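data_38.csv follows (CSV, N, CA and C atoms):
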```csv
chain,number,residue,atom,x,y,z
L,16,MET,N,7.7,-26.9,14.4
L,16,MET,CA,8.1,-25.5,14.5
L,16,MET,C,6.9,-24.6,14.0
L,17,SER,N,6.6,-23.5,14.7
L,17,SER,CA,5.5,-22.7,14.3
L,17,SER,C,5.8,-21.9,13.1
L,18,LYS,N,4.8,-21.4,12.4
L,18,LYS,CA,5.0,-20.5,11.3
L,18,LYS,C,5.7,-19.3,11.6
L,19,LEU,N,6.5,-18.8,10.7
L,19,LEU,CA,7.1,-17.5,11.0
L,19,LEU,C,6.1,-16.4,10.7
L,20,ARG,N,6.1,-15.4,11.6
L,20,ARG,CA,5.1,-14.3,11.5
L,20,ARG,C,5.8,-13.2,10.8
L,21,VAL,N,5.2,-12.8,9.6
L,21,VAL,CA,5.9,-11.8,8.7
L,21,VAL,C,5.0,-10.6,8.5
L,22,LEU,N,5.7,-9.4,8.6
L,22,LEU,CA,5.0,-8.2,8.3
L,22,LEU,C,5.6,-7.7,6.9
L,23,LEU,N,4.8,-7.3,6.0
L,23,LEU,CA,5.2,-6.8,4.7
L,23,LEU,C,5.0,-5.3,4.5
L,24,ALA,N,6.0,-4.7,3.9
L,24,ALA,CA,5.9,-3.2,3.7
L,24,ALA,C,6.4,-2.9,2.3
L,25,ASP,N,5.4,-2.4,1.5
L,25,ASP,CA,5.7,-2.0,0.1
L,25,ASP,C,4.6,-1.0,-0.3
L,26,ASP,N,4.9,0.0,-1.0
L,26,ASP,CA,3.9,1.0,-1.4
L,26,ASP,C,3.1,0.6,-2.6
L,27,ASN,N,3.5,-0.5,-3.2
L,27,ASN,CA,2.7,-1.0,-4.4
L,27,ASN,C,1.8,-2.1,-3.9
L,28,ARG,N,0.5,-1.9,-4.0
L,28,ARG,CA,-0.5,-2.8,-3.5
L,28,ARG,C,-0.4,-4.2,-4.3
L,29,GLN,N,-0.1,-4.2,-5.6
L,29,GLN,CA,0.0,-5.4,-6.3
L,29,GLN,C,1.2,-6.2,-5.9
L,30,VAL,N,2.3,-5.6,-5.6
L,30,VAL,CA,3.5,-6.3,-5.1
L,30,VAL,C,3.1,-6.9,-3.7
L,31,LEU,N,2.5,-6.1,-2.8
L,31,LEU,CA,2.1,-6.6,-1.5
L,31,LEU,C,1.3,-7.9,-1.6
L,32,GLU,N,0.3,-7.9,-2.5
L,32,GLU,CA,-0.6,-9.1,-2.7
L,32,GLU,C,0.2,-10.2,-3.2
L,33,TYR,N,1.0,-10.0,-4.2
L,33,TYR,CA,1.8,-11.0,-4.8
L,33,TYR,C,2.8,-11.7,-3.8
L,34,VAL,N,3.5,-10.9,-3.0
L,34,VAL,CA,4.4,-11.4,-2.0
L,34,VAL,C,3.6,-12.1,-0.9
L,35,ARG,N,2.5,-11.6,-0.5
L,35,ARG,CA,1.6,-12.2,0.5
L,35,ARG,C,1.2,-13.6,0.0
L,36,GLU,N,0.7,-13.7,-1.2
L,36,GLU,CA,0.4,-15.0,-1.7
L,36,GLU,C,1.5,-16.0,-1.8
L,37,PHE,N,2.7,-15.5,-2.2
L,37,PHE,CA,3.9,-16.3,-2.4
L,37,PHE,C,4.3,-16.8,-1.0
L,38,LEU,N,4.4,-16.0,0.0
L,38,LEU,CA,4.8,-16.4,1.3
L,38,LEU,C,3.8,-17.3,2.0
L,39,THR,N,2.6,-17.0,1.9
L,39,THR,CA,1.6,-17.9,2.5
L,39,THR,C,1.6,-19.3,1.9
L,40,ALA,N,1.8,-19.4,0.6
L,40,ALA,CA,2.0,-20.7,-0.1
L,40,ALA,C,3.3,-21.4,0.4
L,41,ASN,N,4.2,-20.6,0.9
L,41,ASN,CA,5.5,-21.2,1.4
L,41,ASN,C,5.5,-21.3,2.9
L,42,GLY,N,4.4,-21.3,3.6
L,42,GLY,CA,4.3,-21.6,5.0
L,42,GLY,C,4.5,-20.4,6.0
L,43,CYS,N,4.5,-19.2,5.5
L,43,CYS,CA,4.6,-18.1,6.4
L,43,CYS,C,3.3,-17.5,6.8
L,44,GLU,N,3.2,-17.0,7.9
L,44,GLU,CA,1.9,-16.3,8.4
L,44,GLU,C,2.1,-14.8,8.2
L,45,ILE,N,1.3,-14.2,7.4
L,45,ILE,CA,1.4,-12.8,7.1
L,45,ILE,C,0.5,-12.1,8.2
L,46,ILE,N,1.1,-11.3,9.1
L,46,ILE,CA,0.4,-10.7,10.2
L,46,ILE,C,0.0,-9.3,9.9
L,47,GLY,N,0.5,-8.7,8.8
L,47,GLY,CA,0.1,-7.4,8.5
L,47,GLY,C,0.8,-6.8,7.3
L,48,THR,N,0.4,-5.7,6.8
L,48,THR,CA,1.0,-5.0,5.7
L,48,THR,C,1.1,-3.5,6.0
L,49,ALA,N,2.0,-2.9,5.3
L,49,ALA,CA,2.2,-1.4,5.4
L,49,ALA,C,2.5,-0.8,4.1
L,50,ALA,N,2.0,0.4,3.8
L,50,ALA,CA,2.2,1.0,2.5
L,50,ALA,C,3.3,2.1,2.5
L,51,ASP,N,3.8,2.4,3.7
L,51,ASP,CA,4.9,3.4,3.8
L,51,ASP,C,5.8,3.0,5.0
L,52,GLY,N,6.9,3.7,5.0
L,52,GLY,CA,7.9,3.3,6.0
L,52,GLY,C,7.5,3.6,7.5
L,53,GLN,N,6.8,4.7,7.7
L,53,GLN,CA,6.4,5.0,9.1
L,53,GLN,C,5.4,4.0,9.5
L,54,SER,N,4.4,3.6,8.7
L,54,SER,CA,3.4,2.6,9.0
L,54,SER,C,4.1,1.3,9.3
L,55,ALA,N,5.2,1.0,8.6
L,55,ALA,CA,5.9,-0.3,8.8
L,55,ALA,C,6.5,-0.3,10.2
L,56,VAL,N,7.1,0.9,10.6
L,56,VAL,CA,7.7,1.0,11.9
L,56,VAL,C,6.6,0.8,13.0
L,57,ASP,N,5.5,1.5,12.8
L,57,ASP,CA,4.4,1.5,13.8
L,57,ASP,C,3.9,0.0,13.9
L,58,ALA,N,3.7,-0.6,12.8
L,58,ALA,CA,3.1,-2.0,12.8
L,58,ALA,C,4.1,-2.9,13.4
L,59,ALA,N,5.4,-2.8,13.1
L,59,ALA,CA,6.4,-3.7,13.7
L,59,ALA,C,6.4,-3.6,15.2
L,60,ALA,N,6.3,-2.3,15.7
L,60,ALA,CA,6.3,-2.1,17.2
L,60,ALA,C,5.1,-2.7,17.8
L,61,GLN,N,4.0,-2.7,17.1
L,61,GLN,CA,2.7,-3.2,17.7
L,61,GLN,C,2.6,-4.7,17.5
L,62,LEU,N,2.9,-5.2,16.3
L,62,LEU,CA,2.6,-6.6,16.0
L,62,LEU,C,3.8,-7.6,16.3
L,63,LEU,N,5.0,-7.0,16.5
L,63,LEU,CA,6.2,-7.8,16.8
L,63,LEU,C,6.4,-9.0,15.9
L,64,PRO,N,6.5,-8.8,14.6
L,64,PRO,CA,6.7,-10.0,13.7
L,64,PRO,C,8.1,-10.6,13.9
L,65,ASP,N,8.3,-11.8,13.4
L,65,ASP,CA,9.6,-12.4,13.4
L,65,ASP,C,10.4,-11.8,12.3
L,66,ILE,N,9.8,-11.5,11.2
L,66,ILE,CA,10.5,-11.0,10.0
L,66,ILE,C,9.7,-9.8,9.5
L,67,LEU,N,10.4,-8.7,9.2
L,67,LEU,CA,9.9,-7.6,8.5
L,67,LEU,C,10.5,-7.5,7.1
L,68,ILE,N,9.6,-7.6,6.1
L,68,ILE,CA,10.1,-7.5,4.7
L,68,ILE,C,9.8,-6.1,4.2
L,69,LEU,N,10.9,-5.3,3.9
L,69,LEU,CA,10.7,-3.9,3.5
L,69,LEU,C,11.2,-3.7,2.1
L,70,ASP,N,10.4,-2.8,1.4
L,70,ASP,CA,10.9,-2.3,0.1
L,70,ASP,C,11.8,-1.1,0.5
L,71,ILE,N,12.6,-0.6,-0.4
L,71,ILE,CA,13.5,0.5,-0.1
L,71,ILE,C,12.8,1.8,-0.4
L,72,SER,N,12.1,1.9,-1.6
L,72,SER,CA,11.5,3.1,-2.1
L,72,SER,C,10.0,3.1,-1.6
L,73,MET,N,9.8,3.9,-0.5
L,73,MET,CA,8.4,4.0,0.0
L,73,MET,C,8.2,5.4,0.5
L,74,PRO,N,7.0,5.9,0.5
L,74,PRO,CA,6.7,7.3,1.0
L,74,PRO,C,6.9,7.4,2.5
L,75,VAL,N,6.9,8.6,3.0
L,75,VAL,CA,7.0,9.0,4.4
L,75,VAL,C,8.4,8.7,5.0
L,76,LEU,N,8.7,7.4,5.0
L,76,LEU,CA,10.1,7.0,5.4
L,76,LEU,C,10.5,5.9,4.4
L,77,ASN,N,11.7,6.1,3.8
L,77,ASN,CA,12.1,5.0,2.9
L,77,ASN,C,12.5,3.8,3.8
L,78,GLY,N,12.7,2.6,3.1
L,78,GLY,CA,12.9,1.4,3.8
L,78,GLY,C,14.2,1.4,4.7
L,79,ILE,N,15.2,2.1,4.2
L,79,ILE,CA,16.4,2.1,5.0
L,79,ILE,C,16.2,2.9,6.3
L,80,ARG,N,15.6,4.0,6.2
L,80,ARG,CA,15.3,4.8,7.5
L,80,ARG,C,14.3,4.0,8.4
L,81,ALA,N,13.3,3.3,7.8
L,81,ALA,CA,12.4,2.5,8.6
L,81,ALA,C,13.1,1.4,9.3
L,82,ALA,N,14.0,0.7,8.6
L,82,ALA,CA,14.8,-0.4,9.2
L,82,ALA,C,15.6,0.1,10.4
L,83,ARG,N,16.2,1.3,10.2
L,83,ARG,CA,17.0,1.8,11.3
L,83,ARG,C,16.1,2.1,12.6
L,84,ARG,N,14.9,2.6,12.3
L,84,ARG,CA,14.0,2.9,13.4
L,84,ARG,C,13.5,1.6,14.1
L,85,VAL,N,13.2,0.6,13.3
L,85,VAL,CA,12.8,-0.6,13.9
L,85,VAL,C,13.9,-1.2,14.7
L,86,LEU,N,15.1,-1.3,14.2
L,86,LEU,CA,16.2,-1.9,14.9
L,86,LEU,C,16.6,-1.1,16.2
L,87,GLU,N,16.4,0.2,16.1
L,87,GLU,CA,16.6,1.1,17.3
L,87,GLU,C,15.7,0.7,18.5
L,88,LEU,N,14.5,0.1,18.2
L,88,LEU,CA,13.6,-0.3,19.2
L,88,LEU,C,14.0,-1.5,20.0
L,89,ASN,N,15.2,-2.1,19.6
L,89,ASN,CA,15.7,-3.2,20.3
L,89,ASN,C,14.8,-4.4,20.4
L,90,LEU,N,14.0,-4.6,19.3
L,90,LEU,CA,13.1,-5.8,19.2
L,90,LEU,C,13.9,-6.9,18.5
L,91,SER,N,13.4,-8.1,18.6
L,91,SER,CA,14.1,-9.2,18.0
L,91,SER,C,13.7,-9.4,16.5
L,92,ILE,N,13.2,-8.4,15.9
L,92,ILE,CA,12.7,-8.5,14.5
L,92,ILE,C,13.9,-8.6,13.5
L,93,LYS,N,13.8,-9.5,12.6
L,93,LYS,CA,14.8,-9.6,11.6
L,93,LYS,C,14.3,-8.9,10.3
L,94,ILE,N,15.2,-8.1,9.7
L,94,ILE,CA,14.8,-7.3,8.5
L,94,ILE,C,15.3,-8.0,7.3
L,95,VAL,N,14.4,-8.1,6.3
L,95,VAL,CA,14.7,-8.5,4.9
L,95,VAL,C,14.3,-7.5,4.0
L,96,PHE,N,15.2,-6.9,3.2
L,96,PHE,CA,14.8,-6.0,2.1
L,96,PHE,C,14.4,-6.8,0.9
L,97,LEU,N,13.4,-6.3,0.3
L,97,LEU,CA,12.9,-6.9,-1.0
L,97,LEU,C,12.7,-5.7,-1.9
L,98,THR,N,13.6,-5.6,-2.9
L,98,THR,CA,13.7,-4.3,-3.6
L,98,THR,C,14.1,-4.5,-5.1
L,99,ALA,N,13.9,-3.5,-5.9
L,99,ALA,CA,14.4,-3.5,-7.3
L,99,ALA,C,15.8,-2.9,-7.4
L,100,TYR,N,16.3,-2.3,-6.4
L,100,TYR,CA,17.6,-1.6,-6.4
L,100,TYR,C,18.7,-2.6,-6.4
L,101,ASN,N,19.5,-2.7,-7.5
L,101,ASN,CA,20.5,-3.7,-7.5
L,101,ASN,C,21.9,-3.1,-7.5
L,102,ASP,N,22.0,-1.8,-7.1
L,102,ASP,CA,23.3,-1.2,-7.1
L,102,ASP,C,24.0,-1.5,-5.8
L,103,PRO,N,25.3,-1.7,-5.8
L,103,PRO,CA,26.1,-2.0,-4.6
L,103,PRO,C,26.0,-1.0,-3.5
L,104,GLU,N,25.9,0.3,-3.8
L,104,GLU,CA,25.8,1.4,-2.8
L,104,GLU,C,24.5,1.3,-2.0
L,105,THR,N,23.4,1.0,-2.7
L,105,THR,CA,22.1,0.9,-2.0
L,105,THR,C,22.1,-0.4,-1.1
L,106,CYS,N,22.6,-1.4,-1.7
L,106,CYS,CA,22.7,-2.7,-0.9
L,106,CYS,C,23.6,-2.5,0.3
L,107,ARG,N,24.7,-1.9,0.2
L,107,ARG,CA,25.6,-1.7,1.3
L,107,ARG,C,24.9,-0.8,2.4
L,108,ALA,N,24.2,0.3,2.0
L,108,ALA,CA,23.5,1.1,2.9
L,108,ALA,C,22.4,0.4,3.6
L,109,ALA,N,21.7,-0.5,2.9
L,109,ALA,CA,20.6,-1.2,3.5
L,109,ALA,C,21.2,-2.2,4.5
L,110,MET,N,22.2,-2.9,4.2
L,110,MET,CA,22.8,-3.9,5.1
L,110,MET,C,23.5,-3.3,6.3
L,111,GLU,N,24.0,-2.1,6.1
L,111,GLU,CA,24.6,-1.4,7.3
L,111,GLU,C,23.6,-1.0,8.4
L,112,THR,N,22.3,-1.0,8.1
L,112,THR,CA,21.3,-0.8,9.1
L,112,THR,C,21.3,-1.8,10.1
L,113,GLY,N,21.8,-3.0,9.8
L,113,GLY,CA,21.7,-4.2,10.7
L,113,GLY,C,20.7,-5.2,10.1
L,114,ALA,N,20.2,-5.0,8.9
L,114,ALA,CA,19.3,-5.9,8.2
L,114,ALA,C,20.1,-7.2,8.0
L,115,CYS,N,19.4,-8.3,7.9
L,115,CYS,CA,20.0,-9.6,7.6
L,115,CYS,C,20.1,-9.9,6.1
L,116,CYS,N,19.1,-9.4,5.3
L,116,CYS,CA,19.1,-9.9,3.9
L,116,CYS,C,18.6,-8.8,3.0
L,117,TYR,N,19.1,-9.0,1.7
L,117,TYR,CA,18.8,-8.1,0.7
L,117,TYR,C,18.4,-8.9,-0.6
L,118,VAL,N,17.2,-8.9,-1.0
L,118,VAL,CA,16.7,-9.7,-2.1
L,118,VAL,C,16.2,-8.8,-3.2
L,119,LEU,N,16.6,-9.1,-4.4
L,119,LEU,CA,16.1,-8.4,-5.6
L,119,LEU,C,14.7,-8.9,-6.0
L,120,LYS,N,13.8,-8.0,-6.3
L,120,LYS,CA,12.4,-8.5,-6.6
L,120,LYS,C,12.4,-9.4,-7.8
L,121,PRO,N,13.2,-9.2,-8.9
L,121,PRO,CA,13.2,-10.2,-10.0
L,121,PRO,C,13.7,-11.6,-9.5
L,122,ARG,N,14.4,-11.7,-8.4
L,122,ARG,CA,14.9,-13.0,-7.9
L,122,ARG,C,14.0,-13.5,-6.7
L,123,MET,N,12.9,-12.9,-6.5
L,123,MET,CA,12.1,-13.3,-5.4
L,123,MET,C,11.8,-14.8,-5.3
L,124,ALA,N,11.4,-15.4,-6.4
L,124,ALA,CA,11.0,-16.8,-6.5
L,124,ALA,C,12.1,-17.7,-6.0
L,125,SER,N,13.4,-17.3,-6.3
L,125,SER,CA,14.5,-18.2,-6.0
L,125,SER,C,15.2,-17.8,-4.7
L,126,ASP,N,15.1,-16.5,-4.3
L,126,ASP,CA,15.9,-16.0,-3.2
L,126,ASP,C,15.1,-15.7,-1.9
L,127,LEU,N,13.8,-15.4,-2.0
L,127,LEU,CA,13.2,-14.9,-0.8
L,127,LEU,C,13.0,-15.9,0.3
L,128,ILE,N,12.6,-17.1,0.0
L,128,ILE,CA,12.5,-18.1,1.1
L,128,ILE,C,13.8,-18.5,1.7
L,129,PRO,N,14.9,-18.7,0.9
L,129,PRO,CA,16.2,-18.9,1.5
L,129,PRO,C,16.6,-17.7,2.4
L,130,ALA,N,16.4,-16.5,1.9
L,130,ALA,CA,16.7,-15.3,2.7
L,130,ALA,C,16.0,-15.3,4.0
L,131,ILE,N,14.7,-15.6,4.0
L,131,ILE,CA,14.0,-15.6,5.3
L,131,ILE,C,14.5,-16.7,6.2
L,132,GLU,N,14.9,-17.8,5.7
L,132,GLU,CA,15.6,-18.9,6.5
L,132,GLU,C,16.9,-18.3,7.1
L,133,PHE,N,17.7,-17.7,6.3
L,133,PHE,CA,18.9,-17.1,6.8
L,133,PHE,C,18.6,-16.1,7.9
L,134,ALA,N,17.6,-15.2,7.6
L,134,ALA,CA,17.3,-14.1,8.6
L,134,ALA,C,16.8,-14.7,9.9
L,135,LYS,N,16.0,-15.8,9.8
L,135,LYS,CA,15.5,-16.4,11.0
L,135,LYS,C,16.7,-16.9,11.9
L,136,ASP,N,17.7,-17.4,11.3
L,136,ASP,CA,18.9,-17.8,12.0
L,136,ASP,C,19.9,-16.7,12.3
L,137,GLY,N,19.6,-15.5,11.9
L,137,GLY,CA,20.5,-14.4,12.2
L,137,GLY,C,21.7,-14.3,11.2
L,138,ARG,N,21.5,-15.0,10.1
L,138,ARG,CA,22.6,-15.0,9.1
L,138,ARG,C,22.3,-14.0,7.9
L,139,ARG,N,23.3,-13.6,7.2
L,139,ARG,CA,23.1,-12.7,6.1
L,139,ARG,C,22.9,-13.4,4.7
L,140,PHE,N,22.1,-12.7,3.9
L,140,PHE,CA,21.9,-13.2,2.5
L,140,PHE,C,21.8,-12.0,1.6
L,141,VAL,N,22.4,-12.0,0.5
L,141,VAL,CA,22.3,-11.0,-0.5
L,141,VAL,C,22.2,-11.6,-1.9
L,142,SER,N,21.1,-11.2,-2.6
L,142,SER,CA,20.9,-11.7,-4.0
L,142,SER,C,22.2,-11.5,-4.8
L,143,PRO,N,22.6,-12.5,-5.6
L,143,PRO,CA,23.7,-12.3,-6.5
L,143,PRO,C,23.6,-11.1,-7.3
L,144,GLY,N,24.8,-10.4,-7.5
L,144,GLY,CA,24.8,-9.2,-8.3
L,144,GLY,C,24.7,-7.9,-7.6
L,145,CYS,N,24.5,-8.0,-6.2
L,145,CYS,CA,24.2,-6.7,-5.5
L,145,CYS,C,25.5,-6.3,-4.7
L,146,GLU,N,26.4,-7.1,-4.4
L,146,GLU,CA,27.5,-6.7,-3.6
L,146,GLU,C,28.8,-6.7,-4.5
```

Would you mind writing the structure in this file as structure tokens?
Amino acid sequence: MSKLRVLLADDNRQVLEYVREFLTANGCEIIGTAADGQSAVDAAAQLLPDILILDISMPVLNGIRAARRVLELNLSIKIVFLTAYNDPETCRAAMETGACCYVLKPRMASDLIPAIEFAKDGRRFVSPGCE
């Protein structure tokens, strides 16, 4: 099986680099990064990743609005949120966009790879404590 092509979007450069290193070490191919929601939408339309990992709190377009726009393009991109927001309302709003997964940043080491596997198969995953 070929490596999953992943696009990362987070406005924190340190988080982007940390997630990039983590995913690369776990067999993913990082095809690009974005520092705001609109750039994530544009990059997704151009690069056509298998998985788009989005933070919720980003400038220009937040992650929820960016996810809606990407999914409106009718591409086969799977959305995984990676965020610090652990409240049920934000989780529900994010998942209602059509995203597959919602991972809390403090649980990244244990939850992100399983979430990506779930997303690849079109299944849902939510970090414990969010729903």

(request) Tell me which protein, DNA and RNA residues are within 10 Å of region 68-72 of chain L, counting only C-alpha atoms, leaving out same-chain ones fewer than 4 positions away, and put them as a PyMOL selection string. (result) chain L and resi 21-27+30-31+34+48-52+55+64+76-82+93-100+105-106+109+114+116-120+127+131

Could you save those same residues with N, CA and C atoms as a compact mmCIF listing (two decimals), in the frame of the given file?
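result-v8.txt, written as the output of this step:
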```txt
# COMPACT_ATOMS: atom_id res chain seq x y z
N VAL L 21 5.20 -12.80 9.60
CA VAL L 21 5.90 -11.80 8.70
C VAL L 21 5.00 -10.60 8.50
N LEU L 22 5.70 -9.40 8.60
CA LEU L 22 5.00 -8.20 8.30
C LEU L 22 5.60 -7.70 6.90
N LEU L 23 4.80 -7.30 6.00
CA LEU L 23 5.20 -6.80 4.70
C LEU L 23 5.00 -5.30 4.50
N ALA L 24 6.00 -4.70 3.90
CA ALA L 24 5.90 -3.20 3.70
C ALA L 24 6.40 -2.90 2.30
N ASP L 25 5.40 -2.40 1.50
CA ASP L 25 5.70 -2.00 0.10
C ASP L 25 4.60 -1.00 -0.30
N ASP L 26 4.90 0.00 -1.00
CA ASP L 26 3.90 1.00 -1.40
C ASP L 26 3.10 0.60 -2.60
N ASN L 27 3.50 -0.50 -3.20
CA ASN L 27 2.70 -1.00 -4.40
C ASN L 27 1.80 -2.10 -3.90
N VAL L 30 2.30 -5.60 -5.60
CA VAL L 30 3.50 -6.30 -5.10
C VAL L 30 3.10 -6.90 -3.70
N LEU L 31 2.50 -6.10 -2.80
CA LEU L 31 2.10 -6.60 -1.50
C LEU L 31 1.30 -7.90 -1.60
N VAL L 34 3.50 -10.90 -3.00
CA VAL L 34 4.40 -11.40 -2.00
C VAL L 34 3.60 -12.10 -0.90
N THR L 48 0.40 -5.70 6.80
CA THR L 48 1.00 -5.00 5.70
C THR L 48 1.10 -3.50 6.00
N ALA L 49 2.00 -2.90 5.30
CA ALA L 49 2.20 -1.40 5.40
C ALA L 49 2.50 -0.80 4.10
N ALA L 50 2.00 0.40 3.80
CA ALA L 50 2.20 1.00 2.50
C ALA L 50 3.30 2.10 2.50
N ASP L 51 3.80 2.40 3.70
CA ASP L 51 4.90 3.40 3.80
C ASP L 51 5.80 3.00 5.00
N GLY L 52 6.90 3.70 5.00
CA GLY L 52 7.90 3.30 6.00
C GLY L 52 7.50 3.60 7.50
N ALA L 55 5.20 1.00 8.60
CA ALA L 55 5.90 -0.30 8.80
C ALA L 55 6.50 -0.30 10.20
N PRO L 64 6.50 -8.80 14.60
CA PRO L 64 6.70 -10.00 13.70
C PRO L 64 8.10 -10.60 13.90
N LEU L 76 8.70 7.40 5.00
CA LEU L 76 10.10 7.00 5.40
C LEU L 76 10.50 5.90 4.40
N ASN L 77 11.70 6.10 3.80
CA ASN L 77 12.10 5.00 2.90
C ASN L 77 12.50 3.80 3.80
N GLY L 78 12.70 2.60 3.10
CA GLY L 78 12.90 1.40 3.80
C GLY L 78 14.20 1.40 4.70
N ILE L 79 15.20 2.10 4.20
CA ILE L 79 16.40 2.10 5.00
C ILE L 79 16.20 2.90 6.30
N ARG L 80 15.60 4.00 6.20
CA ARG L 80 15.30 4.80 7.50
C ARG L 80 14.30 4.00 8.40
N ALA L 81 13.30 3.30 7.80
CA ALA L 81 12.40 2.50 8.60
C ALA L 81 13.10 1.40 9.30
N ALA L 82 14.00 0.70 8.60
CA ALA L 82 14.80 -0.40 9.20
C ALA L 82 15.60 0.10 10.40
N LYS L 93 13.80 -9.50 12.60
CA LYS L 93 14.80 -9.60 11.60
C LYS L 93 14.30 -8.90 10.30
N ILE L 94 15.20 -8.10 9.70
CA ILE L 94 14.80 -7.30 8.50
C ILE L 94 15.30 -8.00 7.30
N VAL L 95 14.40 -8.10 6.30
CA VAL L 95 14.70 -8.50 4.90
C VAL L 95 14.30 -7.50 4.00
N PHE L 96 15.20 -6.90 3.20
CA PHE L 96 14.80 -6.00 2.10
C PHE L 96 14.40 -6.80 0.90
N LEU L 97 13.40 -6.30 0.30
CA LEU L 97 12.90 -6.90 -1.00
C LEU L 97 12.70 -5.70 -1.90
N THR L 98 13.60 -5.60 -2.90
CA THR L 98 13.70 -4.30 -3.60
C THR L 98 14.10 -4.50 -5.10
N ALA L 99 13.90 -3.50 -5.90
CA ALA L 99 14.40 -3.50 -7.30
C ALA L 99 15.80 -2.90 -7.40
N TYR L 100 16.30 -2.30 -6.40
CA TYR L 100 17.60 -1.60 -6.40
C TYR L 100 18.70 -2.60 -6.40
N THR L 105 23.40 1.00 -2.70
CA THR L 105 22.10 0.90 -2.00
C THR L 105 22.10 -0.40 -1.10
N CYS L 106 22.60 -1.40 -1.70
CA CYS L 106 22.70 -2.70 -0.90
C CYS L 106 23.60 -2.50 0.30
N ALA L 109 21.70 -0.50 2.90
CA ALA L 109 20.60 -1.20 3.50
C ALA L 109 21.20 -2.20 4.50
N ALA L 114 20.20 -5.00 8.90
CA ALA L 114 19.30 -5.90 8.20
C ALA L 114 20.10 -7.20 8.00
N CYS L 116 19.10 -9.40 5.30
CA CYS L 116 19.10 -9.90 3.90
C CYS L 116 18.60 -8.80 3.00
N TYR L 117 19.10 -9.00 1.70
CA TYR L 117 18.80 -8.10 0.70
C TYR L 117 18.40 -8.90 -0.60
N VAL L 118 17.20 -8.90 -1.00
CA VAL L 118 16.70 -9.70 -2.10
C VAL L 118 16.20 -8.80 -3.20
N LEU L 119 16.60 -9.10 -4.40
CA LEU L 119 16.10 -8.40 -5.60
C LEU L 119 14.70 -8.90 -6.00
N LYS L 120 13.80 -8.00 -6.30
CA LYS L 120 12.40 -8.50 -6.60
C LYS L 120 12.40 -9.40 -7.80
N LEU L 127 13.80 -15.40 -2.00
CA LEU L 127 13.20 -14.90 -0.80
C LEU L 127 13.00 -15.90 0.30
N ILE L 131 14.70 -15.60 4.00
CA ILE L 131 14.00 -15.60 5.30
C ILE L 131 14.50 -16.70 6.20
```

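Residue nearest Glu44 (chain L), chosen from L:Met123, L:Gln61, L:Pro129, L:Leu19 and counting only C-alpha atoms: L:Leu19.
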
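Of the residues under consideration (L:Ile128, L:Ala58, L:Met73, L:Ile66), L:Ile128 shows the shortest atom-to-atom contact distance to Gly42 (chain L) when counting only C-alpha atoms.
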
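When atom N of Phe37 (chain L) is paired with CA of Glu87 (chain L), their separation reads 29.1 Å.
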
(request) Write out as a PyMOL selection string the residues lying within 7 Å of Gly144 (chain L), counting all atoms listed in the file and excluding same-chain residues fewer than 3 positions away. (result) chain L and resi 101-103+141

(request) Could you jot down the CA of Val75 (chain L) to atom N of Gln53 (chain L) separation for me, Å, one decimal place? (result) 5.4 Å

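Of the residues listed (L:Asn41, L:Gly137, L:Leu67, L:Ala60), L:Leu67 shows the shortest atom-to-atom separation from Arg20 (chain L); distances use only C-alpha atoms.
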
(request) Report the residues of region 33-135 of chain L whose backbone DSSP state falls under alpha helix (DSSP H), written as a VMD selection string. (result) chain L and resid 33 to 40 52 to 62 78 to 87 103 to 110 123 to 135

(request) Can you work out the spacing between CA of Ser54 (chain L) and CA of Ile92 (chain L) in Å, to one decimal? (result)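 That distance, rounded to one decimal, is 15.5 Å.
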
(request) List every residue of chain L that DSSP, applied to the backbone of this structure, places in strand (DSSP E or B), and write the result as a PyMOL selection string. (result) chain L and resi 20-24+44-49+66-69+93-98+116-119+140-141
